Amino acid sequence: MQLVIGNKNYSSWSMRPWVLMRQLGLHFEEVKLRFDDSKRSGFARAAAHFTPAGLVPVLLDDDFAVWDSLAICEYLNDKFPGHGVWPEEMRQRARARSLAAEMHAGFRALRSHCPMNIEASLPEAGARVWAAHEAVRNDVARIEVMWVEALLASGGPFLFGEFGAADAMYAPVCMRMLSYALPAPAATRGYIERVAASAGVAAWIADARAEHDFIDIAEPYRKAP
Ligand SMILES: N[C@@H](CCC(=O)N[C@@H](CS)C(=O)NCC(=O)O)C(=O)O
């Protein structure tokens, strides 16, 4: 299998299946397409080669393409049953899918005001966003309620026990909470730290920090790295 991704520092949707596959030990070759600054770009042409959607991530299984992070999770679940993509128990599985789908479809305020930027430290920008945007505060509050409920029900250390697709879907939120130093109660701070320290996420973070590839349009809060 090959996983086509974008820049690790910025590409939150690419991060999700990558950290899941890495964490679960599902072997794949990484194909990285560099983001660039124009829609009529090398990235757009390269991405369109893999899927007409023109976006990353794309999973290639031989020459069969699966695009969209959530569809990739489902494909991995079908191809590797019993590997822990979703919880085994039916209702837990439905709950994990509900959390993942809510992430996939929502939290637009947090996503747009705090774009993922792993190598950056942006506490001042985070404080400004937090003060100015009730919608961001509401997004974070809703996410924290879901996390705490899932962690209490499962006993942790991850949302449904072991690291799975639900954690992978929220891993970029954990990155944003850290980069922008958004306020988090102790119960969720521990979860964020566990996600950041998990093998798959830690490997992604290390690669993201090593990229040093400054993409102007992905940098609303910094002029230079
Ligand atoms: N719903 C898609 C979203 C994919 C997406 O928006 N990917 C971004 C990178 S994180 C992308 O390819 N952006 C390039 C562009 O907009 O030209 C998924 O879940 O995979």
# chains A, B, ... in the order shown; residues from 1 in each chain; ligands from 1

$ residues_near_ligand --ligand "ligand 1" --cutoff "7 Å" --atoms "only C-alpha atoms and all ligand atoms" --output "ChimeraX atom specification"
/A:6,10-14,39,44,54-57,67-70,104

$ write_last_selection --atoms "N, CA, C and O atoms" --output "tab-separated table (two decimals), in the first residue's frame"
chain	number	residue	atom	x	y	z
A	6	GLY	N	0.28	15.22	2.11
A	6	GLY	CA	0.86	16.55	1.90
A	6	GLY	C	1.94	16.82	2.94
A	6	GLY	O	2.41	15.90	3.63
A	10	TYR	N	1.71	20.75	7.96
A	10	TYR	CA	0.43	21.43	7.73
A	10	TYR	C	-0.75	20.51	7.46
A	10	TYR	O	-1.89	20.90	7.69
A	11	SER	N	-0.53	19.34	6.91
A	11	SER	CA	-1.66	18.57	6.35
A	11	SER	C	-2.35	17.70	7.40
A	11	SER	O	-2.00	16.55	7.64
A	12	SER	N	-3.35	18.30	8.01
A	12	SER	CA	-4.05	17.61	9.10
A	12	SER	C	-4.80	16.38	8.60
A	12	SER	O	-4.84	15.35	9.27
A	13	TRP	N	-5.38	16.47	7.39
A	13	TRP	CA	-6.14	15.30	6.92
A	13	TRP	C	-5.19	14.16	6.56
A	13	TRP	O	-5.51	12.99	6.78
A	14	SER	N	-4.00	14.48	6.05
A	14	SER	CA	-3.02	13.43	5.76
A	14	SER	C	-2.55	12.74	7.04
A	14	SER	O	-2.27	11.54	7.06
A	39	LYS	N	-3.36	27.35	-6.62
A	39	LYS	CA	-4.30	26.27	-6.91
A	39	LYS	C	-3.93	25.57	-8.22
A	39	LYS	O	-4.14	24.38	-8.36
A	44	ALA	N	-1.53	20.47	-7.14
A	44	ALA	CA	-2.86	20.16	-7.68
A	44	ALA	C	-2.74	19.15	-8.83
A	44	ALA	O	-3.53	18.20	-8.91
A	54	GLY	N	-8.48	15.59	-6.15
A	54	GLY	CA	-7.34	16.51	-6.12
A	54	GLY	C	-6.86	16.86	-4.73
A	54	GLY	O	-6.17	17.85	-4.54
A	55	LEU	N	-7.24	16.06	-3.74
A	55	LEU	CA	-6.86	16.34	-2.36
A	55	LEU	C	-6.12	15.14	-1.79
A	55	LEU	O	-6.27	14.01	-2.27
A	56	VAL	N	-5.35	15.39	-0.75
A	56	VAL	CA	-4.73	14.31	0.01
A	56	VAL	C	-5.43	14.24	1.37
A	56	VAL	O	-5.94	15.25	1.84
A	57	PRO	N	-5.44	13.04	1.97
A	57	PRO	CA	-4.72	11.82	1.64
A	57	PRO	C	-5.45	10.95	0.62
A	57	PRO	O	-6.66	11.02	0.48
A	67	TRP	N	-9.78	7.65	-1.50
A	67	TRP	CA	-9.48	9.01	-1.04
A	67	TRP	C	-10.43	9.39	0.06
A	67	TRP	O	-11.48	8.78	0.22
A	68	ASP	N	-10.03	10.36	0.81
A	68	ASP	CA	-10.74	10.89	1.97
A	68	ASP	C	-10.35	10.09	3.23
A	68	ASP	O	-10.42	8.86	3.27
A	69	SER	N	-9.97	10.85	4.26
A	69	SER	CA	-9.42	10.23	5.47
A	69	SER	C	-10.36	9.19	6.10
A	69	SER	O	-9.92	8.11	6.52
A	70	LEU	N	-11.65	9.52	6.14
A	70	LEU	CA	-12.57	8.61	6.82
A	70	LEU	C	-12.81	7.35	5.97
A	70	LEU	O	-12.88	6.24	6.51
A	104	HIS	N	-14.87	14.88	11.28
A	104	HIS	CA	-14.72	14.95	9.83
A	104	HIS	C	-15.63	16.02	9.23
A	104	HIS	O	-15.26	16.71	8.29

$ select_by_dssp --residues "range 124-164 of chain A" --states "helix (DSSP H, G or I)" --output "PyMOL selection string"
chain A and resi 124-132+134-154

$ residues_around --residues "Met116 in chain A" --least-positions-apart "5" --cutoff "10 Å" --atoms "only C-alpha atoms" --output "list of chain:residue names"
A:Lys8, A:Asn9, A:Tyr10, A:Ser11, A:Ser12, A:Trp13, A:Leu110, A:Arg111, A:Pro172, A:Val173, A:Cys174, A:Met175, A:Arg176, A:Met177, A:Ser179, A:Tyr180, A:Ala218, A:Glu219

$ closest_residue --among "A:Met15, A:Ile143, A:Ala166, A:Val66" --to "Pro87 in chain A" --atoms "only C-alpha atoms"
A:Ala166

$ residues_around --residues "Trp86 in chain A" --least-positions-apart "2" --cutoff "10 Å" --atoms "only C-alpha atoms" --output "VMD selection string"
chain A and resid 73 to 74 76 to 77 81 to 84 88 to 90 92 to 97 160 162 to 166
